[in-house]
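Below: the structure, in structure tokens.
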Amino acid sequence: MNLRILLVAIFSFPIFSHALEVSQEALIRDDNFKPIITKVILQDLTAADQFDGKYFKIVKGKSDDAISMQDDDLTVLKAATTYYHLTKARNYFVGKLHSEYVKNLPQMVIRIDITNTYNELGHFANDRYPPIYNTAKSFPAGRGYPARNILPWGNEIWFRPSKKVHVSELPGGEMENAQLKNVFRQFRNRSHVVSLDKFMAELLVEGVDKISEDPLDSFFRVAGSSLVIELIFQSTDRFVSLFEKNWYYLDAAMVPEIIYHEYSHIALSDKIAISHSSPINEGLGDYFASQMANSKKLYGNIKEYNQFIAKKVRKRNPYQLQFENVDFANTDFVFALIYKAVQIMDQKNGAAIIYDMRNYLNTDETIKEQLIDALINACTRFCVNPFPTKLKLYQLFQSHGL
Amino acid sequence: MKNLTTLFILFSISFPILAEEPYPLTNLREGKTRYKNSTLDRELKSLYFTYSQDFLKYQLTLRTERYVKCASALKGRLQKIGKELQVSGKLLAYAMRDLNLLDDISYEIIKNSFKIKYSRSLLVGKDQGINIPSAKEKIILLAEKIKRGACPEDVFRSFARAVKDDGVAKNHQLKRIFLVAKSSKIIDSRMHKYLNALRIAKVQTWSLTLKTYLKKLKSVRKQKPLATPEYSDFITKKFKDQKGPSRKYIYAHYNMEQILLLGNLLLKMKKRLNARSIVIQITYPEGEIEDIPLNGMQPFRFCLRLLRKEMAELRQHKLFNNVSINYMAILAAAYESGFVPAKDLEELANLEELWNPQRSKWEKATFWAGRFRNVSALLLPAPYGLIPIMAMMVIESTRAKSIPGENQDFNLF
């Protein structure tokens, strides 16, 4: 019996210890940030026919088995894309940022096409709960629940499947429309006031209107223009909807920057807990995603798999207090702020500076206080000329309304 | 001439180039000159081709050292050396700036002294309204001082200040009293020409003379000696609405004590900005203590406010009677005192814009457009009256500057 075990161990050793490289089609970005599906090499696989590697195991839904390379084309494409970009993200943190934490992370389970809600005790919430689509999320390791045969699990990233949802069903989807409508409302209100003023002035003082001599004609003109303004205002929503995207969908596993972003949460989780979304952890995730993607724009320009979500380093992006709330954790304010701060501090070693900065932050801290302090302190430690650079940083924060 | 040049070169080689004491006007603070002149640059290139820079440095320092306190005298000396080297005195002054023997302040004074020229066309004026008896003694004194070899620009400026009290403030008034003085035989024709040349060069309006500049510079250096020279391009630039560069401004308007006091303000601000933490402490009567730490942008704004407070207090100080204080002067004073290095200057200067923002042309235009919006909307016939309203709506909606409301009032400072 012992001899059999020894023989199995001897013959199986090369198979498990030697990392395999397999060529598969995956979605990547070209030099112009356009998405292309092309053959890539998947590294560090431990099985030639499964997405099971030294560092990542890609599974579907609640399953614990790695996806087979003989699975349907879309699943294989998703698994290959996820595996390829996760490997790239890991290499970035280990190779460029010399992260010992990431280097020593055990194999991680990555779930694609999973619709279940996460449960801290039970891992997967009951299937009766409404399914979740169009997002991705990282979860911390759990102890499991031995009494109910729920085994412990490690850090996981869940990529939800895509589903077309009408914009009207999204919470907060009317925010942008409301702003536009508010401008129209102000215009309409002021126009009516001016029309009334004009009408009253013409009644009281003759000859205010020099061009129109006929008072009746003038009255119809004033009333007519007010009517037109009112009609435009009342039809604002329909008018705006003609130019807006009406449907929302996101296949998170097919967007490289989302994969980088989620992996960044895991890589930073030695200091920044991934228990929930916050402006700090989402902003840092976006920043490292931009470094791996080598782009100021994130998530966009990939219509087939993502309609709606895109972030970019905007020129002007004034701070609002609600950005501190969990509901607005995913705005691009923090991403843009960190990106610009790095450009001021040190473009070459900026990522290393921000990576070090995580030691002085935690998930629940605020943009307006602790993030600014952390950036200023990072500059004190790493900037070549700390004092003038700190002044530049303060001016940056000032220009962003902080 | 060639032999003479060779002799000079041999002479210069046999003596050390750098003396122990630096040339009194040596530039130790200013970077690139703001008086760049392409014609003089070409001539300078040719001068350096003919004579080595070390040779020129030696000649210009050794042979002008005695004249550094008077721009007119220094000019005369440069013209003399120029004749020997077959170049203009102006070019030699330019070379001195290029070789860092002068900074922009002293170069400007010397450059201005070249404008003092004898005028040939003297028009006869009338002496009506000029109180000659009171000015008579002053003119005699002025002429005597010049004859005895006093620095013309210094005595002329003292004279101009003195007669200003007699109501002779304007240039044409000075012209008249000199003419009257000449016709009354108080001064001879030669002295008249000389005084008139000083008047035409507007010596009385110069903000500094070499004598006053050197005196102030020496006292500042004595208090705050520089370990090594440091050059800043920023300090030679003219900043916004100022008439000249900030460094010149502080030497023209403040004395040594004032310069050090002003510089100290910025030193304190810099120290505070580099503090590890800033905490406001409230001590209650019961002995309870409440600490309010300042985070985020608050320490920065707190430091700026404290600077403004200290500036206001300094304005009230007896040392600053009748002298204005502005941020750029504080910045230049801090640099001159060695409290801030050159590399910090530009960013510190940008702060001025931050806490005292200037309105852009666009903002000014929208302000006036807003003022006339309602009037034009009323006067224009319908539906054209809506155009100004629409225009203002577009302007207001595109203007990114947000005005913080109550819910944005999240900072203590």
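Ordered as shown in the structure tokens, chains take letters A, B, and onward, while each chain numbers its residues from 1 and ligands are numbered from 1 in the order shown.
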> Residues at most 7 Å from Phe159 of chain A, counting only C-alpha atoms, excluding those fewer than 2 positions away in the same chain, as a PyMOL selection string?
Replying inline: chain A and resi 111-114+135-137+157+161+252-253
Output C-alpha atoms of each residue in that selection to a file, as a JSON list (two decimals), in the first residue's frame.
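Result went into part.json, see below:
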```
[["chain", "number", "residue", "atom", "x", "y", "z"],
["A", 111, "ARG", "CA", -16.58, 32.62, -9.64],
["A", 112, "ILE", "CA", -18.10, 33.68, -12.93],
["A", 113, "ASP", "CA", -21.80, 33.78, -13.79],
["A", 114, "ILE", "CA", -22.82, 33.58, -10.16],
["A", 135, "THR", "CA", -21.60, 43.63, -11.26],
["A", 136, "ALA", "CA", -18.49, 42.11, -9.68],
["A", 137, "LYS", "CA", -17.38, 41.98, -6.09],
["A", 157, "ILE", "CA", -14.00, 37.33, -6.57],
["A", 161, "PRO", "CA", -23.64, 37.48, -15.34],
["A", 252, "ALA", "CA", -17.97, 42.07, -15.53],
["A", 253, "ALA", "CA", -15.80, 39.05, -16.35]]
```
>> Quick one: residues within 9 Å of segment 64-79 of chain A, only C-alpha atoms, excluding same-chain residues fewer than 2 positions away - as a count of residues only?
In response: 25
> Can you list, as a PyMOL selection string, every protein, DNA or RNA residue that comes within 10 Å of segment 77-87 of chain B when you count only C-alpha atoms, leaving out same-chain residues fewer than 2 positions away?
Replying inline: chain B and resi 1-2+4-5+43-44+47+50-51+56+59-60+63-67+71-75+89-93+114
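Interface residues on chain A toward chain B (cut-off 6 Å, only C-alpha atoms): A:Lys198, A:Arg221, A:Val222, A:Ser225, A:Lys368, A:Glu369, A:Ile372, A:Asp373, A:Pro388.
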Non-local contacts of Ile353 of chain A (10 Å; only C-alpha atoms; under 5 positions in same chain excluded) as a PDB file with N, CA and C atoms, in the first residue's frame:
```pdb
ATOM      1  N   LEU A  97       5.295  45.892  -7.583  1.00  0.00           N
ATOM      2  CA  LEU A  97       5.128  46.504  -6.256  1.00  0.00           C
ATOM      3  C   LEU A  97       5.734  45.646  -5.142  1.00  0.00           C
ATOM      4  N   VAL A 342      -0.658  61.668  -7.949  1.00  0.00           N
ATOM      5  CA  VAL A 342       0.544  60.905  -8.332  1.00  0.00           C
ATOM      6  C   VAL A 342       1.312  61.633  -9.425  1.00  0.00           C
ATOM      7  N   MET A 345       3.277  64.119  -7.619  1.00  0.00           N
ATOM      8  CA  MET A 345       4.311  63.604  -6.707  1.00  0.00           C
ATOM      9  C   MET A 345       5.467  62.958  -7.455  1.00  0.00           C
ATOM     10  N   ASP A 346       5.179  61.918  -8.178  1.00  0.00           N
ATOM     11  CA  ASP A 346       6.238  61.178  -8.847  1.00  0.00           C
ATOM     12  C   ASP A 346       5.589  60.217  -9.838  1.00  0.00           C
ATOM     13  N   GLN A 347       5.650  60.587 -11.097  1.00  0.00           N
ATOM     14  CA  GLN A 347       4.960  59.767 -12.096  1.00  0.00           C
ATOM     15  C   GLN A 347       5.593  58.389 -12.251  1.00  0.00           C
ATOM     16  N   LYS A 348       6.896  58.322 -12.012  1.00  0.00           N
ATOM     17  CA  LYS A 348       7.614  57.067 -12.258  1.00  0.00           C
ATOM     18  C   LYS A 348       7.326  56.045 -11.151  1.00  0.00           C
ATOM     19  N   ARG A 358      -1.366  52.676   1.539  1.00  0.00           N
ATOM     20  CA  ARG A 358      -2.451  51.849   2.102  1.00  0.00           C
ATOM     21  C   ARG A 358      -2.187  51.526   3.572  1.00  0.00           C
ATOM     22  N   LEU A 375      -2.151  61.256   1.534  1.00  0.00           N
ATOM     23  CA  LEU A 375      -1.412  61.706   0.334  1.00  0.00           C
ATOM     24  C   LEU A 375      -0.315  62.707   0.719  1.00  0.00           C
ATOM     25  N   ALA A 378       2.388  60.789   2.453  1.00  0.00           N
ATOM     26  CA  ALA A 378       3.140  59.985   1.467  1.00  0.00           C
ATOM     27  C   ALA A 378       4.149  60.874   0.759  1.00  0.00           C
ATOM     28  N   CYS A 379       3.742  62.094   0.470  1.00  0.00           N
ATOM     29  CA  CYS A 379       4.654  63.033  -0.204  1.00  0.00           C
ATOM     30  C   CYS A 379       5.828  63.390   0.717  1.00  0.00           C
ATOM     31  N   ARG A 381       7.165  61.533   2.828  1.00  0.00           N
ATOM     32  CA  ARG A 381       8.092  60.394   2.874  1.00  0.00           C
ATOM     33  C   ARG A 381       8.819  60.180   1.551  1.00  0.00           C
ATOM     34  N   PHE A 382       8.136  60.409   0.429  1.00  0.00           N
ATOM     35  CA  PHE A 382       8.724  59.963  -0.838  1.00  0.00           C
ATOM     36  C   PHE A 382       9.072  61.065  -1.847  1.00  0.00           C
ATOM     37  N   CYS A 383       8.475  62.250  -1.728  1.00  0.00           N
ATOM     38  CA  CYS A 383       8.722  63.257  -2.766  1.00  0.00           C
ATOM     39  C   CYS A 383      10.171  63.741  -2.719  1.00  0.00           C
TER      40      CYS A 383
END
```
Taking the DSSP secondary structure from the backbone, can you list the residues of segment 141-260 of chain B that are helix (DSSP H, G or I), as a PDB file with C-alpha atoms, in the first residue's frame?
```
ATOM      1  CA  LEU B 141      24.681 123.038  -2.339  1.00  0.00           C
ATOM      2  CA  LEU B 142      23.895 120.503  -5.044  1.00  0.00           C
ATOM      3  CA  ALA B 143      26.373 122.041  -7.469  1.00  0.00           C
ATOM      4  CA  GLU B 144      29.068 122.141  -4.804  1.00  0.00           C
ATOM      5  CA  LYS B 145      28.568 118.531  -3.861  1.00  0.00           C
ATOM      6  CA  ILE B 146      28.800 117.439  -7.496  1.00  0.00           C
ATOM      7  CA  LYS B 147      31.936 119.502  -7.995  1.00  0.00           C
ATOM      8  CA  PRO B 152      25.577 112.832  -8.791  1.00  0.00           C
ATOM      9  CA  GLU B 153      22.472 110.648  -8.675  1.00  0.00           C
ATOM     10  CA  ASP B 154      22.484 110.467  -4.876  1.00  0.00           C
ATOM     11  CA  VAL B 155      22.845 114.213  -4.338  1.00  0.00           C
ATOM     12  CA  PHE B 156      20.429 115.003  -7.132  1.00  0.00           C
ATOM     13  CA  ARG B 157      17.781 112.747  -5.573  1.00  0.00           C
ATOM     14  CA  SER B 158      18.309 114.414  -2.174  1.00  0.00           C
ATOM     15  CA  PHE B 159      17.945 117.791  -3.872  1.00  0.00           C
ATOM     16  CA  ALA B 160      14.770 116.707  -5.689  1.00  0.00           C
ATOM     17  CA  ARG B 161      13.276 115.472  -2.408  1.00  0.00           C
ATOM     18  CA  ALA B 162      14.132 118.771  -0.729  1.00  0.00           C
ATOM     19  CA  VAL B 163      12.673 121.038  -3.445  1.00  0.00           C
ATOM     20  CA  LYS B 164       9.570 118.864  -3.622  1.00  0.00           C
ATOM     21  CA  ASN B 171      10.234 117.493 -14.193  1.00  0.00           C
ATOM     22  CA  HIS B 172       9.356 120.647 -16.148  1.00  0.00           C
ATOM     23  CA  GLN B 173       9.463 122.643 -12.917  1.00  0.00           C
ATOM     24  CA  LEU B 174      12.985 121.381 -12.222  1.00  0.00           C
ATOM     25  CA  LYS B 175      13.902 122.381 -15.780  1.00  0.00           C
ATOM     26  CA  ARG B 176      12.712 125.928 -15.120  1.00  0.00           C
ATOM     27  CA  ILE B 177      14.551 126.396 -11.837  1.00  0.00           C
ATOM     28  CA  PHE B 178      17.788 125.150 -13.401  1.00  0.00           C
ATOM     29  CA  LEU B 179      17.335 127.637 -16.249  1.00  0.00           C
ATOM     30  CA  VAL B 180      16.653 130.449 -13.810  1.00  0.00           C
ATOM     31  CA  ALA B 181      19.625 129.381 -11.722  1.00  0.00           C
ATOM     32  CA  LYS B 182      21.790 129.518 -14.828  1.00  0.00           C
ATOM     33  CA  SER B 183      20.475 132.914 -15.934  1.00  0.00           C
ATOM     34  CA  SER B 189      26.538 126.618 -18.108  1.00  0.00           C
ATOM     35  CA  ARG B 190      28.424 123.359 -17.683  1.00  0.00           C
ATOM     36  CA  MET B 191      26.772 122.551 -14.362  1.00  0.00           C
ATOM     37  CA  HIS B 192      23.431 123.477 -15.845  1.00  0.00           C
ATOM     38  CA  LYS B 193      23.936 120.982 -18.632  1.00  0.00           C
ATOM     39  CA  TYR B 194      24.924 118.334 -16.153  1.00  0.00           C
ATOM     40  CA  LEU B 195      21.921 118.907 -13.879  1.00  0.00           C
ATOM     41  CA  ASN B 196      19.663 118.975 -16.877  1.00  0.00           C
ATOM     42  CA  ALA B 197      21.052 115.622 -18.021  1.00  0.00           C
ATOM     43  CA  LEU B 198      20.260 114.137 -14.590  1.00  0.00           C
ATOM     44  CA  ARG B 199      16.778 115.583 -14.802  1.00  0.00           C
ATOM     45  CA  ILE B 200      16.157 114.210 -18.290  1.00  0.00           C
ATOM     46  CA  VAL B 203      17.184 110.231 -11.702  1.00  0.00           C
ATOM     47  CA  GLN B 204      14.854 111.578  -9.018  1.00  0.00           C
ATOM     48  CA  THR B 205      12.321 108.845  -9.853  1.00  0.00           C
ATOM     49  CA  LEU B 210      23.750 101.727  -6.041  1.00  0.00           C
ATOM     50  CA  LYS B 211      24.684 103.327  -2.730  1.00  0.00           C
ATOM     51  CA  THR B 212      21.334 102.644  -1.049  1.00  0.00           C
ATOM     52  CA  TYR B 213      21.083  99.176  -2.552  1.00  0.00           C
ATOM     53  CA  LEU B 214      24.569  98.185  -1.435  1.00  0.00           C
ATOM     54  CA  LYS B 215      23.987  99.528   2.044  1.00  0.00           C
ATOM     55  CA  LYS B 216      20.809  97.495   2.484  1.00  0.00           C
ATOM     56  CA  LEU B 217      22.279  94.411   0.846  1.00  0.00           C
ATOM     57  CA  LYS B 218      25.309  94.523   3.112  1.00  0.00           C
ATOM     58  CA  SER B 219      23.223  94.827   6.276  1.00  0.00           C
ATOM     59  CA  VAL B 220      20.939  91.947   5.248  1.00  0.00           C
ATOM     60  CA  ARG B 221      23.952  89.757   4.425  1.00  0.00           C
ATOM     61  CA  LYS B 222      25.554  90.657   7.748  1.00  0.00           C
ATOM     62  CA  GLN B 223      22.460  89.453   9.592  1.00  0.00           C
ATOM     63  CA  PHE B 234      11.616  83.301 -10.519  1.00  0.00           C
ATOM     64  CA  ILE B 235      12.839  86.187  -8.356  1.00  0.00           C
ATOM     65  CA  THR B 236      13.930  88.226 -11.378  1.00  0.00           C
ATOM     66  CA  SER B 246       9.810  91.414  -6.121  1.00  0.00           C
ATOM     67  CA  ARG B 247      13.469  91.399  -5.067  1.00  0.00           C
ATOM     68  CA  LYS B 248      13.945  94.905  -6.357  1.00  0.00           C
ATOM     69  CA  TYR B 249      10.691  95.917  -4.686  1.00  0.00           C
ATOM     70  CA  ILE B 250      11.833  94.871  -1.227  1.00  0.00           C
ATOM     71  CA  TYR B 251      15.190  96.665  -1.521  1.00  0.00           C
ATOM     72  CA  ALA B 252      13.443  99.772  -2.812  1.00  0.00           C
ATOM     73  CA  HIS B 253      10.790  99.855  -0.093  1.00  0.00           C
ATOM     74  CA  MET B 256      17.060  95.476   6.737  1.00  0.00           C
ATOM     75  CA  GLU B 257      14.866  95.078   9.829  1.00  0.00           C
ATOM     76  CA  GLN B 258      11.717  95.156   7.753  1.00  0.00           C
ATOM     77  CA  ILE B 259      13.072  92.620   5.263  1.00  0.00           C
ATOM     78  CA  LEU B 260      13.972  90.199   8.045  1.00  0.00           C
TER      79      LEU B 260
END
```
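Take atom CA of Asn325 of chain A and atom CA of Gly154 of chain A: the distance between them is 28.1 Å.
In this model, the gap between atom CA of Gly95 of chain A and atom CA of Lys312 of chain A comes to 26.0 Å.
Residues in contact range of Pro293 of chain B, defined as at most 7 Å between only C-alpha atoms, with sequence neighbours fewer than 6 positions away removed, read Ile278, Val279 and Ile280 of chain B.
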For C-alpha atoms, I'd like the residues from the last selection saved as a PDB file, in the first residue's frame.
```pdb
ATOM      1  CA  ILE B 278      -2.080  70.864  14.307  1.00  0.00           C
ATOM      2  CA  VAL B 279      -4.546  70.615  17.176  1.00  0.00           C
ATOM      3  CA  ILE B 280      -6.858  73.266  18.560  1.00  0.00           C
TER       4      ILE B 280
END
```
>> Show me, as a ChimeraX atom specification, the residues that have an atom within 9 Å of Arg314 of chain A when counting only C-alpha atoms, minus same-chain residues fewer than 2 positions from it.
In response: /A:311-312,316-317,332-333,336
>> To one decimal place in Å, what is the distance between atom CA of Asp364 of chain A and atom CA of Tyr260 of chain A?
In response: 21.7 Å
> Which of these, A:Phe387, A:Phe139, A:Tyr248, A:Phe33, has the shortest distance to Ala293 of chain A once you count only C-alpha atoms?
Replying inline: A:Phe33
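When only C-alpha atoms are used to compute distances to Lys164 of chain A, the closest of the residues A:Asp251, A:Glu262, A:Glu100, A:Asp327 turns out to be A:Asp251.
You can rank A:Ile28, A:Ser23, A:Ala47, A:Asn155 by their closest distance to Ile302 of chain A using only C-alpha atoms, and at the top of that list sits A:Ile28.
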